[in-house]
file structure34.txt (compact mmCIF, C-alpha atoms and all ligand atoms)
# COMPACT_ATOMS: atom_id res chain seq x y z
CA MET A 1 96.77 -31.07 -11.98
CA TYR A 2 93.57 -31.23 -9.95
CA LEU A 3 93.74 -35.01 -9.67
CA VAL A 4 97.31 -34.94 -8.41
CA LYS A 5 96.43 -32.40 -5.73
CA THR A 6 93.42 -34.40 -4.53
CA GLY A 7 95.53 -37.53 -4.32
CA LYS A 8 98.14 -35.86 -2.13
CA HIS A 9 95.50 -34.39 0.08
CA THR A 10 93.81 -37.75 0.59
CA ARG A 11 97.12 -39.35 1.50
CA TRP A 12 97.76 -36.61 4.03
CA ARG A 13 94.37 -37.28 5.61
CA TRP A 14 95.19 -40.96 5.95
CA LEU A 15 98.43 -40.13 7.68
CA ALA A 16 96.66 -37.72 9.99
CA VAL A 17 94.15 -40.38 10.98
CA ALA A 18 96.73 -43.11 11.46
CA PHE A 19 99.04 -41.00 13.60
CA GLY A 20 96.40 -38.69 15.00
CA VAL A 21 97.69 -38.45 18.55
CA VAL A 22 101.32 -37.97 17.58
CA VAL A 23 100.52 -35.43 14.91
CA THR A 24 98.25 -33.37 17.13
CA ALA A 25 100.80 -33.31 19.88
CA SER A 26 103.62 -32.19 17.61
CA CYS A 27 102.60 -29.94 14.77
CA TYR A 28 99.26 -30.56 13.17
CA GLN A 29 96.58 -28.28 14.56
CA GLU A 30 93.13 -27.49 13.22
CA PRO A 31 92.48 -23.73 13.19
CA PRO A 32 90.04 -22.83 16.00
CA ASP A 33 86.40 -22.46 14.98
CA VAL A 34 85.51 -18.81 15.48
CA GLY A 35 81.94 -19.20 14.26
CA THR A 36 80.11 -16.63 12.15
CA LEU A 37 79.05 -13.22 13.36
CA SER A 38 75.41 -12.47 12.75
CA ALA A 39 74.79 -9.41 10.62
CA VAL A 40 73.83 -6.26 12.48
CA TYR A 41 72.02 -3.51 10.67
CA ALA A 42 73.35 -0.05 11.42
CA GLU A 43 72.67 3.30 9.88
CA PRO A 44 75.80 4.24 7.83
CA ALA A 45 77.91 6.68 9.80
CA GLU A 46 78.31 8.97 6.82
CA TYR A 47 76.54 10.14 3.71
CA VAL A 48 78.15 11.16 0.46
CA ARG A 49 77.78 13.80 -2.21
CA ILE A 50 79.35 13.14 -5.58
CA LEU A 51 80.36 16.14 -7.68
CA ALA A 52 82.16 16.44 -11.00
CA LEU A 53 84.57 19.20 -11.93
CA ARG A 54 83.09 21.40 -14.64
CA PRO A 55 85.21 22.77 -17.50
CA GLY A 56 87.25 25.70 -16.20
CA GLN A 57 86.25 25.08 -12.61
CA THR A 58 89.02 24.72 -10.03
CA LEU A 59 88.90 22.18 -7.26
CA GLY A 60 88.87 25.04 -4.76
CA GLN A 61 85.73 26.47 -6.39
CA LEU A 62 84.06 23.08 -6.33
CA LEU A 63 84.86 22.57 -2.64
CA GLY A 64 83.98 26.17 -1.82
CA GLY A 65 80.29 25.45 -1.33
CA SER A 66 80.91 22.71 1.21
CA VAL A 67 83.90 23.74 3.31
CA THR A 68 85.31 26.85 4.94
CA TYR A 69 88.16 28.71 3.33
CA ASN A 70 90.66 27.43 5.91
CA GLU A 71 89.54 23.86 5.51
CA GLN A 72 89.73 24.19 1.75
CA ALA A 73 93.36 25.36 2.01
CA SER A 74 94.38 22.46 4.23
CA LEU A 75 92.52 19.99 1.99
CA LEU A 76 94.36 21.21 -1.09
CA LEU A 77 97.65 21.09 0.82
CA ALA A 78 97.05 17.43 1.70
CA LEU A 79 95.97 16.65 -1.86
CA ARG A 80 99.20 18.14 -3.24
CA GLU A 81 101.16 15.25 -1.76
CA HIS A 82 99.77 13.05 -4.54
CA ALA A 83 98.34 15.27 -7.26
CA ASN A 84 98.40 18.78 -8.63
CA PRO A 85 95.04 20.41 -7.86
CA ARG A 86 95.58 22.88 -10.72
CA ARG A 87 95.89 20.08 -13.24
CA MET A 88 92.53 18.42 -12.70
CA ARG A 89 90.73 17.58 -15.92
CA SER A 90 87.09 18.54 -16.20
CA GLY A 91 84.80 15.67 -15.27
CA THR A 92 87.05 14.66 -12.36
CA GLU A 93 84.84 12.96 -9.82
CA VAL A 94 84.96 14.34 -6.27
CA THR A 95 83.17 12.51 -3.49
CA LEU A 96 82.46 14.41 -0.28
CA ARG A 97 81.83 12.31 2.80
CA PHE A 98 79.86 13.89 5.64
CA SER A 99 79.23 12.69 9.15
CA ARG A 100 75.60 11.77 9.63
CA GLY A 101 75.58 13.17 13.15
CA ASP A 102 76.82 16.77 12.95
CA GLU A 103 76.93 16.93 9.14
CA SER A 104 80.60 17.82 9.22
CA LEU A 105 82.92 16.93 6.36
CA ARG A 106 84.87 13.78 7.21
CA GLY A 107 86.54 12.97 3.97
CA VAL A 108 87.02 13.79 0.30
CA ASP A 109 87.87 11.35 -2.49
CA VAL A 110 89.35 12.85 -5.65
CA GLU A 111 89.64 10.54 -8.64
CA VAL A 112 92.99 11.77 -9.98
CA SER A 113 93.18 9.31 -12.85
CA ARG A 114 91.32 6.27 -14.08
CA ASP A 115 93.70 4.21 -12.01
CA ALA A 116 93.92 6.09 -8.73
CA THR A 117 91.94 8.11 -6.22
CA VAL A 118 93.37 10.41 -3.58
CA ARG A 119 91.53 9.80 -0.34
CA LEU A 120 91.60 12.78 2.04
CA SER A 121 90.56 12.06 5.60
CA LEU A 122 90.20 14.13 8.72
CA VAL A 123 92.33 12.43 11.37
CA SER A 124 92.27 14.10 14.80
CA GLY A 125 91.64 17.52 13.37
CA ALA A 126 94.17 17.42 10.53
CA TRP A 127 93.73 16.43 6.88
CA SER A 128 95.84 13.58 5.66
CA SER A 129 95.93 11.99 2.24
CA GLU A 130 96.63 8.63 0.69
CA LEU A 131 96.70 7.40 -2.88
CA VAL A 132 94.29 4.51 -3.37
CA PRO A 133 94.74 2.52 -6.55
CA THR A 134 91.55 1.69 -8.43
CA PRO A 135 90.98 -2.04 -7.96
CA ILE A 136 91.64 -4.05 -11.08
CA TYR A 137 91.23 -7.70 -11.86
CA VAL A 138 93.10 -9.82 -14.31
CA ASP A 139 91.50 -12.21 -16.72
CA THR A 140 92.52 -14.07 -19.84
CA ILE A 141 90.34 -14.03 -22.88
CA ASP A 142 90.87 -16.36 -25.74
CA ALA A 143 89.50 -16.48 -29.22
CA THR A 144 89.83 -18.47 -32.36
CA GLY A 145 88.47 -17.97 -35.82
CA GLU A 146 88.86 -18.11 -39.53
CA ILE A 147 89.62 -15.03 -41.57
CA ARG A 148 87.00 -14.38 -44.23
CA SER A 149 88.12 -10.96 -45.41
CA ASP A 150 90.82 -9.38 -43.25
CA LEU A 151 92.17 -9.71 -39.75
CA TRP A 152 90.56 -6.48 -38.59
CA THR A 153 87.07 -7.66 -39.48
CA ALA A 154 87.73 -11.17 -38.18
CA VAL A 155 88.76 -9.97 -34.72
CA ASN A 156 86.06 -7.32 -34.50
CA GLN A 157 83.32 -9.79 -35.39
CA ASN A 158 84.52 -12.53 -33.05
CA GLN A 159 81.74 -13.12 -30.54
CA ALA A 160 84.20 -14.25 -27.88
CA LEU A 161 85.43 -10.64 -27.79
CA ASP A 162 82.01 -9.00 -27.55
CA SER A 163 82.74 -7.75 -24.04
CA MET A 164 85.61 -5.60 -25.31
CA THR A 165 85.11 -1.96 -26.21
CA ALA A 166 85.99 -0.96 -29.78
CA GLY A 167 89.06 0.85 -28.45
CA ASP A 168 90.25 -2.20 -26.53
CA ALA A 169 89.70 -4.45 -29.57
CA ALA A 170 91.89 -2.04 -31.55
CA ARG A 171 94.61 -2.40 -28.90
CA LEU A 172 94.33 -6.16 -29.19
CA ILE A 173 94.78 -5.98 -32.97
CA ASP A 174 97.81 -3.73 -32.46
CA ALA A 175 99.23 -6.33 -30.09
CA LEU A 176 98.75 -9.09 -32.69
CA ASP A 177 100.36 -6.88 -35.32
CA ARG A 178 103.33 -6.21 -33.03
CA VAL A 179 104.04 -9.86 -32.22
CA PHE A 180 103.81 -10.96 -35.86
CA GLN A 181 105.38 -7.87 -37.46
CA TRP A 182 108.54 -9.79 -38.39
CA GLN A 183 106.72 -12.83 -39.79
CA ILE A 184 103.58 -11.60 -41.52
CA ASP A 185 102.51 -8.39 -43.19
CA PHE A 186 98.82 -8.51 -42.26
CA SER A 187 98.02 -6.02 -44.99
CA ARG A 188 99.60 -8.07 -47.79
CA GLN A 189 99.71 -11.69 -46.77
CA ILE A 190 96.46 -12.59 -45.04
CA ARG A 191 94.45 -14.99 -47.17
CA VAL A 192 90.81 -16.05 -46.88
CA GLY A 193 90.80 -19.26 -44.85
CA ASP A 194 93.76 -18.30 -42.65
CA THR A 195 93.04 -19.07 -39.00
CA TYR A 196 94.08 -17.53 -35.73
CA ARG A 197 93.83 -18.25 -32.05
CA PHE A 198 95.25 -16.42 -29.10
CA ALA A 199 95.14 -15.97 -25.34
CA PHE A 200 95.17 -12.36 -24.23
CA GLN A 201 95.69 -11.43 -20.59
CA ARG A 202 94.22 -8.15 -19.52
CA GLU A 203 93.83 -5.95 -16.48
CA ILE A 204 90.28 -4.66 -16.17
CA ARG A 205 88.92 -1.74 -14.21
CA PRO A 206 85.55 -1.99 -12.45
CA ASP A 207 83.92 -0.19 -15.42
CA GLY A 208 85.02 -3.00 -17.74
CA SER A 209 87.66 -0.98 -19.58
CA MET A 210 91.14 -2.38 -20.00
CA ARG A 211 94.11 -0.85 -18.23
CA ALA A 212 96.68 -3.07 -19.85
CA GLY A 213 96.76 -6.17 -21.96
CA ARG A 214 99.29 -8.63 -23.26
CA LEU A 215 99.13 -11.48 -25.70
CA ILE A 216 100.56 -14.46 -23.90
CA ALA A 217 100.17 -16.97 -26.70
CA ALA A 218 99.13 -16.62 -30.32
CA GLU A 219 98.98 -18.73 -33.42
CA LEU A 220 98.35 -17.63 -36.95
CA VAL A 221 98.06 -20.14 -39.77
CA ASN A 222 98.84 -18.24 -42.95
CA SER A 223 98.57 -20.06 -46.28
CA GLY A 224 99.06 -23.36 -44.45
CA THR A 225 102.08 -22.28 -42.39
CA ALA A 226 101.59 -21.95 -38.63
CA TYR A 227 103.31 -19.05 -36.87
CA HIS A 228 103.51 -18.97 -33.10
CA ALA A 229 104.37 -16.29 -30.60
CA ILE A 230 104.65 -17.25 -26.94
CA TRP A 231 105.38 -14.57 -24.35
CA PHE A 232 108.31 -15.35 -22.06
CA ASP A 233 109.65 -13.09 -19.36
CA PRO A 234 112.52 -14.90 -17.58
CA ASN A 235 112.96 -12.28 -14.83
CA GLU A 236 109.24 -11.46 -14.55
CA ASP A 237 110.06 -7.76 -14.73
CA GLY A 238 107.80 -7.08 -17.72
CA ASP A 239 110.85 -7.02 -19.99
CA GLY A 240 110.08 -10.24 -21.82
CA SER A 241 109.83 -11.17 -25.46
CA TYR A 242 108.11 -13.53 -27.88
CA PHE A 243 109.41 -16.85 -29.07
CA ASP A 244 108.17 -19.62 -31.31
CA LEU A 245 107.49 -23.12 -29.95
CA ASP A 246 111.13 -24.10 -30.39
CA GLY A 247 112.35 -21.16 -28.31
CA ASN A 248 113.55 -19.11 -31.28
CA SER A 249 112.97 -15.37 -31.15
CA VAL A 250 110.23 -14.04 -33.41
CA ARG A 251 112.33 -10.92 -33.96
CA ARG A 252 114.13 -10.41 -37.25
CA ALA A 253 116.57 -7.78 -38.45
CA PHE A 254 113.77 -6.20 -40.54
CA LEU A 255 110.12 -5.45 -39.88
CA LEU A 256 108.07 -6.56 -42.87
CA LYS A 257 106.31 -3.21 -43.16
CA PRO A 258 107.02 0.33 -41.98
CA LEU A 259 103.44 1.12 -40.89
CA THR A 260 101.16 -0.25 -38.21
CA TYR A 261 98.62 -2.62 -39.79
CA ARG A 262 95.70 -0.72 -38.31
CA ARG A 263 96.84 2.52 -40.02
CA ILE A 264 97.02 1.00 -43.47
CA SER A 265 93.78 1.92 -45.16
CA SER A 266 91.28 -0.73 -46.16
CA ALA A 267 91.82 0.20 -49.79
CA PHE A 268 95.17 -1.42 -49.45
CA THR A 269 94.02 -4.18 -47.12
CA ASN A 270 91.85 -5.42 -49.96
CA SER A 271 94.77 -5.28 -52.35
CA ARG A 272 94.66 -9.01 -52.97
CA PHE A 273 91.82 -8.16 -55.38
CA HIS A 274 94.30 -6.22 -57.48
CA PRO A 275 97.41 -8.26 -56.88
CA ILE A 276 100.44 -6.62 -55.34
CA LEU A 277 102.65 -8.38 -57.86
CA LYS A 278 101.35 -6.10 -60.59
CA THR A 279 102.27 -3.02 -58.59
CA TRP A 280 105.52 -4.67 -57.66
CA ARG A 281 106.48 -5.30 -61.30
CA ALA A 282 105.35 -1.85 -62.28
CA HIS A 283 107.69 0.04 -60.01
CA ARG A 284 109.59 -2.36 -57.76
CA GLY A 285 108.22 -1.08 -54.52
CA ILE A 286 105.26 -1.42 -52.22
CA ASP A 287 102.59 1.23 -51.82
CA TYR A 288 100.76 1.43 -48.54
CA ALA A 289 97.69 3.65 -48.64
CA ALA A 290 97.35 5.43 -45.30
CA ALA A 291 96.05 8.71 -43.96
CA ARG A 292 98.28 11.74 -44.28
CA GLY A 293 100.35 12.10 -41.12
CA THR A 294 100.49 8.37 -40.30
CA GLU A 295 103.75 7.54 -38.52
CA ILE A 296 106.40 5.72 -40.54
CA MET A 297 108.84 3.37 -38.77
CA ALA A 298 112.38 2.46 -39.73
CA THR A 299 112.16 -1.26 -40.50
CA ALA A 300 115.65 -1.98 -39.13
CA ASP A 301 118.58 -0.39 -37.28
CA GLY A 302 120.71 1.79 -39.55
CA VAL A 303 122.05 5.19 -40.55
CA VAL A 304 120.12 7.84 -42.50
CA ILE A 305 121.89 8.38 -45.85
CA HIS A 306 119.25 10.59 -47.50
CA ARG A 307 116.70 12.99 -46.07
CA GLY A 308 115.08 15.46 -48.42
CA ALA A 309 113.35 15.82 -51.76
CA LYS A 310 114.19 13.20 -54.40
CA GLY A 311 112.52 13.85 -57.76
CA SER A 312 109.23 12.02 -58.25
CA PHE A 313 109.65 10.34 -54.85
CA GLY A 314 109.05 13.67 -53.15
CA ASN A 315 110.24 13.86 -49.53
CA THR A 316 112.32 10.74 -49.05
CA VAL A 317 114.29 9.03 -46.30
CA GLU A 318 116.86 6.38 -47.09
CA ILE A 319 118.51 4.26 -44.42
CA ARG A 320 121.59 2.07 -44.82
CA HIS A 321 121.61 -1.07 -42.71
CA PRO A 322 124.59 -3.13 -41.49
CA ASN A 323 124.11 -5.93 -44.02
CA GLY A 324 124.38 -3.66 -47.07
CA ILE A 325 120.63 -3.26 -47.46
CA VAL A 326 119.10 0.17 -48.01
CA THR A 327 115.46 0.97 -47.28
CA ARG A 328 113.63 3.86 -48.94
CA TYR A 329 110.51 5.67 -47.70
CA ALA A 330 108.94 8.10 -50.19
CA HIS A 331 106.17 10.72 -50.62
CA LEU A 332 106.46 11.83 -46.96
CA SER A 333 104.46 14.86 -45.82
CA ARG A 334 107.26 15.70 -43.41
CA PHE A 335 110.26 14.26 -41.61
CA ARG A 336 110.46 13.44 -37.93
CA GLY A 337 112.39 16.12 -36.04
CA GLY A 338 115.94 14.99 -35.26
CA VAL A 339 116.10 12.66 -38.25
CA ASN A 340 118.95 14.07 -40.35
CA LEU A 341 121.70 12.91 -42.65
CA GLY A 342 123.90 10.59 -40.57
CA THR A 343 121.35 10.04 -37.79
CA ARG A 344 121.45 6.54 -36.32
CA VAL A 345 118.01 5.01 -36.05
CA ARG A 346 116.75 1.88 -34.33
CA GLN A 347 114.17 -0.55 -35.63
CA SER A 348 110.63 0.83 -35.12
CA ASP A 349 111.83 4.42 -34.59
CA ILE A 350 109.50 6.97 -36.21
CA ILE A 351 111.32 8.67 -39.09
CA GLY A 352 108.55 10.63 -40.83
CA TYR A 353 104.90 10.88 -41.77
CA VAL A 354 102.79 9.68 -44.70
CA GLY A 355 102.02 12.27 -47.38
CA MET A 356 101.76 12.67 -51.14
CA THR A 357 104.76 14.78 -52.10
CA GLY A 358 106.38 14.07 -55.48
CA LEU A 359 104.45 12.01 -57.99
CA ALA A 360 101.62 10.54 -55.93
CA GLY A 361 97.92 10.21 -56.73
CA GLY A 362 96.92 10.16 -53.07
CA PRO A 363 98.46 9.89 -49.62
CA HIS A 364 100.52 6.70 -49.43
CA LEU A 365 103.90 5.42 -48.45
CA HIS A 366 106.13 4.04 -51.15
CA TYR A 367 108.54 1.58 -49.55
CA GLU A 368 111.53 -0.11 -51.13
CA MET A 369 114.26 -2.44 -50.02
CA LEU A 370 117.45 -2.41 -52.05
CA ARG A 371 120.64 -4.44 -52.12
CA ARG A 372 123.48 -3.02 -54.23
CA GLY A 373 120.97 -0.68 -55.86
CA ARG A 374 118.55 -3.46 -56.85
CA GLN A 375 115.06 -3.69 -55.39
CA MET A 376 113.98 -6.76 -53.50
CA ASP A 377 110.63 -7.86 -52.12
CA PRO A 378 110.79 -7.57 -48.31
CA LEU A 379 108.80 -10.79 -48.07
CA SER A 380 111.52 -12.70 -49.89
CA VAL A 381 114.33 -11.55 -47.62
CA ASP A 382 115.20 -13.93 -44.82
CA LEU A 383 117.44 -12.20 -42.33
CA PRO A 384 118.95 -13.44 -39.09
CA PRO A 385 116.59 -13.76 -36.13
CA GLY A 386 117.04 -12.33 -32.65
CA ASP A 387 118.50 -14.30 -29.76
CA PRO A 388 116.71 -17.51 -28.76
CA VAL A 389 115.70 -18.31 -25.17
CA PRO A 390 119.01 -18.32 -23.22
CA SER A 391 120.13 -21.84 -22.31
CA GLU A 392 120.03 -21.10 -18.58
CA ASP A 393 116.32 -20.21 -18.87
CA ARG A 394 115.47 -23.19 -21.04
CA LEU A 395 113.88 -25.33 -18.34
CA ARG A 396 111.66 -22.54 -17.17
CA TRP A 397 110.74 -21.70 -20.75
CA MET A 398 109.65 -25.26 -21.43
CA GLY A 399 107.30 -25.17 -18.45
CA GLU A 400 105.76 -21.80 -19.27
CA MET A 401 105.57 -22.47 -22.99
CA THR A 402 103.75 -25.77 -22.41
CA ALA A 403 101.26 -24.06 -20.09
CA ARG A 404 100.64 -21.25 -22.59
CA VAL A 405 100.27 -23.60 -25.52
CA SER A 406 97.70 -25.59 -23.55
CA LEU A 407 95.70 -22.36 -23.22
CA LEU A 408 95.50 -22.27 -27.01
CA GLU A 409 94.62 -25.94 -27.22
CA ALA A 410 91.85 -25.51 -24.64
CA ILE A 411 89.97 -23.02 -26.82
CA PRO A 412 86.83 -24.84 -27.98
CA GLY A 413 87.12 -25.90 -31.58
CA ALA A 414 90.91 -25.60 -31.64
CA GLY A 415 93.11 -28.59 -32.38
CA PRO A 416 96.57 -29.41 -31.09
CA VAL A 417 99.38 -26.90 -31.54
CA ARG A 418 102.35 -28.38 -33.34
CA SER A 419 105.81 -26.91 -33.53
CA LEU A 420 107.51 -26.69 -36.90
CA ALA A 421 109.97 -29.43 -35.89
CA ALA A 422 107.12 -31.72 -34.79
CA ALA A 423 105.20 -31.02 -37.98
CA GLU A 424 108.22 -31.90 -40.12
CA GLU A 425 108.79 -35.08 -38.14
CA GLN A 426 105.16 -36.06 -38.68
CA ASP A 427 105.42 -35.34 -42.39
CA GLN A 428 108.51 -37.55 -42.65
CA LEU A 429 106.73 -40.36 -40.83
CA GLU A 430 103.79 -40.07 -43.18
CA ASP A 431 106.12 -40.03 -46.19
CA ARG A 432 107.84 -43.19 -44.95
CA SER A 433 104.66 -45.10 -44.24
CA GLY A 434 103.35 -43.93 -47.61
CA GLY A 435 106.50 -45.25 -49.33
CA ALA A 436 106.27 -48.68 -47.68
CA GLN A 437 102.83 -49.37 -49.06
ZN ZN A 501 105.02 3.43 -55.14

call {"tool": "encode", "arguments": {"input": "structure34.txt", "output": "structure tokens"}}
result
Amino acid sequence: MYLVKTGKHTRWRWLAVAFGVVVTASCYQEPPDVGTLSAVYAEPAEYVRILALRPGQTLGQLLGGSVTYNEQASLLLALREHANPRRMRSGTEVTLRFSRGDESLRGVDVEVSRDATVRLSLVSGAWSSELVPTPIYVDTIDATGEIRSDLWTAVNQNQALDSMTAGDAARLIDALDRVFQWQIDFSRQIRVGDTYRFAFQREIRPDGSMRAGRLIAAELVNSGTAYHAIWFDPNEDGDGSYFDLDGNSVRRAFLLKPLTYRRISSAFTNSRFHPILKTWRAHRGIDYAAARGTEIMATADGVVIHRGAKGSFGNTVEIRHPNGIVTRYAHLSRFRGGVNLGTRVRQSDIIGYVGMTGLAGGPHLHYEMLRRGRQMDPLSVDLPPGDPVPSEDRLRWMGEMTARVSLLEAIPGAGPVRSLAAAEEQDQLEDRSGGAQ
């Protein structure tokens, strides 16, 4: 890209030199040189006092020491245009700005949230207010690594992510879980030696915390199979979705697991040491150890056909899905309000909370998938995907996908990213050349 730009620029220069007179006379004009102003030192016109709202203290009480009662009333009135002065959390930072000359109050800044400050200013004798957004900057962080125990540990120990707070790293792991929730059950399927790489775009506040973040490209190689998720938002309205390299949606009719990966306790995360198959054969279901009260999601759209106690299953929800599949969620501590017999639920809706009702040794979710009354392993069910990239957006998709994939390929130590189709083609070529020899 850079080379192309330079080339064009150089050509333009040549044209400008060759037709200098003509160009100057018609349209090409250098901007006038305004020079540089020399710095002038001046005493700041105001000084500030920074206060913080104490627990139980009102904003009026805090201002009381610095302004008259009348001024306080008009300040609060101006503030009300953007925030409720009665709803200020303790610790709210209030900056008072005084004139250096007569020591009068010239302005008040009230940090109403982490993302905005209300700036109150005295303009010709009256208080006015404006909402000033906290400046943020956007960056993209990328990381790659091999998984040695589980994804949680791998991401948390990645040095490329050292600048992230623990809370922000957790949000990143949630984001990875969300984009791969139809392809991989991180709690059951991650194997030692699996690799990952991703590019994560985030909005950062001046204090280094993250306001928002989005995975824009991710790859997970699980037991030799590469899974990709590339963000694509055709209308750029934030309402985009993830697709694989061939433009197919990563969405499937069923989520692979009804709990967020991060909520599944490490006891289960390490379950590969006591193989799931054993448990599976023992009672044809999957047990997810998780703290009591953990939210349980419906794995697909459907209708609730059971909600209540069910023998050794304890509190149980059963959902019937359009394709004749029934999912069962057992040992719940309680049901989500509004989830009743006949309730229609959407994929990812919360239906209840983890518990240990019925026959359960500890808090866990027992999850089953049944077709005509027979249990099936959710990992073995291949159900129709969501809509691919619409044909009218295909050209745009190709451009954005290529750019996002190159972000992954640019991560030091990462190799080329190959789509499934390309990988198969390569394999066939290798097979053929192998056969000829
Ligand atoms: Zn079970």

call {"tool": "residues_near_ligand", "arguments": {"input": "structure34.txt", "ligand": "ligand ZN 501 (chain A)", "cutoff": "10 Å", "atoms": "all atoms listed in the file", "output": "PyMOL selection string"}}
result
chain A and resi 279-280+282-289+313+329-331+359-361+364-368

call {"tool": "closest_residue", "arguments": {"input": "structure34.txt", "among": "A:Ser104, A:Ser391, A:Ser380, A:Thr327", "to": "Ala300 of chain A", "atoms": "only C-alpha atoms"}}
result
A:Thr327

call {"tool": "atom_distance", "arguments": {"input": "structure34.txt", "atom1": "atom CA of Leu379 of chain A", "atom2": "atom CA of Ser333 of chain A"}}
result
26.1 Å

call {"tool": "closest_residue", "arguments": {"input": "structure34.txt", "among": "A:Arg418, A:Ala291, A:Ile325, A:Pro390", "to": "Gly373 of chain A", "atoms": "all atoms listed in the file"}}
result
A:Ile325

call {"tool": "atom_distance", "arguments": {"input": "structure34.txt", "atom1": "atom CA of Glu203 of chain A", "atom2": "atom CA of Ala170 of chain A"}}
result
15.7 Å

call {"tool": "atom_distance", "arguments": {"input": "structure34.txt", "atom1": "atom CA of Ile230 of chain A", "atom2": "atom CA of Asp150 of chain A"}}
result
22.8 Å

call {"tool": "closest_residue", "arguments": {"input": "structure34.txt", "among": "A:Met398, A:Met164, A:Leu63, A:Leu408", "to": "Leu75 of chain A", "atoms": "only C-alpha atoms"}}
result
A:Leu63

call {"tool": "residues_around", "arguments": {"input": "structure34.txt", "residues": "Leu120 of chain A", "least_positions_apart": "5", "cutoff": "12 Å", "atoms": "only C-alpha atoms", "output": "short mmCIF file (atom, residue, chain, number, x, y, z; two decimals) with C-alpha atoms, keeping the file's coordinate frame"}}
result
data_model
loop_
_atom_site.label_atom_id
_atom_site.label_comp_id
_atom_site.auth_asym_id
_atom_site.auth_seq_id
_atom_site.Cartn_x
_atom_site.Cartn_y
_atom_site.Cartn_z
CA GLU A 71 89.54 23.86 5.51
CA GLN A 72 89.73 24.19 1.75
CA SER A 74 94.38 22.46 4.23
CA LEU A 75 92.52 19.99 1.99
CA LEU A 76 94.36 21.21 -1.09
CA LEU A 77 97.65 21.09 0.82
CA ALA A 78 97.05 17.43 1.70
CA LEU A 79 95.97 16.65 -1.86
CA ARG A 80 99.20 18.14 -3.24
CA GLU A 81 101.16 15.25 -1.76
CA HIS A 82 99.77 13.05 -4.54
CA ALA A 83 98.34 15.27 -7.26
CA VAL A 94 84.96 14.34 -6.27
CA THR A 95 83.17 12.51 -3.49
CA LEU A 96 82.46 14.41 -0.28
CA ARG A 97 81.83 12.31 2.80
CA LEU A 105 82.92 16.93 6.36
CA ARG A 106 84.87 13.78 7.21
CA GLY A 107 86.54 12.97 3.97
CA VAL A 108 87.02 13.79 0.30
CA ASP A 109 87.87 11.35 -2.49
CA VAL A 110 89.35 12.85 -5.65
CA GLU A 111 89.64 10.54 -8.64
CA ALA A 126 94.17 17.42 10.53
CA TRP A 127 93.73 16.43 6.88
CA SER A 128 95.84 13.58 5.66
CA SER A 129 95.93 11.99 2.24
CA GLU A 130 96.63 8.63 0.69
CA LEU A 131 96.70 7.40 -2.88
CA VAL A 132 94.29 4.51 -3.37
#

call {"tool": "closest_residue", "arguments": {"input": "structure34.txt", "among": "A:Ser249, A:Ser348, A:Ser187, A:Ser209", "to": "Ala290 of chain A", "atoms": "all atoms listed in the file"}}
result
A:Ser187

call {"tool": "closest_residue", "arguments": {"input": "structure34.txt", "among": "A:Pro258, A:Pro135, A:Pro206, A:Gly352", "to": "Asn340 of chain A", "atoms": "all atoms listed in the file"}}
result
A:Gly352

call {"tool": "closest_residue", "arguments": {"input": "structure34.txt", "among": "A:Ile141, A:Leu259, A:Leu383, A:Leu122", "to": "Ala199 of chain A", "atoms": "only C-alpha atoms"}}
result
A:Ile141

call {"tool": "residues_around", "arguments": {"input": "structure34.txt", "residues": "segment 314-321 of chain A", "least_positions_apart": "2", "cutoff": "10 Å", "atoms": "all atoms listed in the file", "output": "ChimeraX atom specification"}}
result
/A:253-254,298-312,323-335,339-345,351-360,365-371

call {"tool": "residues_around", "arguments": {"input": "structure34.txt", "residues": "Thr195 of chain A", "least_positions_apart": "2", "cutoff": "9 Å", "atoms": "only C-alpha atoms", "output": "PyMOL selection string"}}
result
chain A and resi 144-147+192-193+197+219-222

call {"tool": "residues_near_point", "arguments": {"input": "structure34.txt", "point": "(94.7, -6.3, -26.4)", "cutoff": "10 Å", "atoms": "all atoms listed in the file", "output": "PyMOL selection string"}}
result
chain A and resi 141+164+167-176+199-203+210-215

call {"tool": "axis_aligned_box", "arguments": {"input": "structure34.txt", "around": "segment 60-64 of chain A", "padding_each_side": "6 Å", "output": "AutoDock Vina command-line options"}}
result
--center_x 86.4 --center_y 24.5 --center_z -4.1 --size_x 16.9 --size_y 15.9 --size_z 16.6
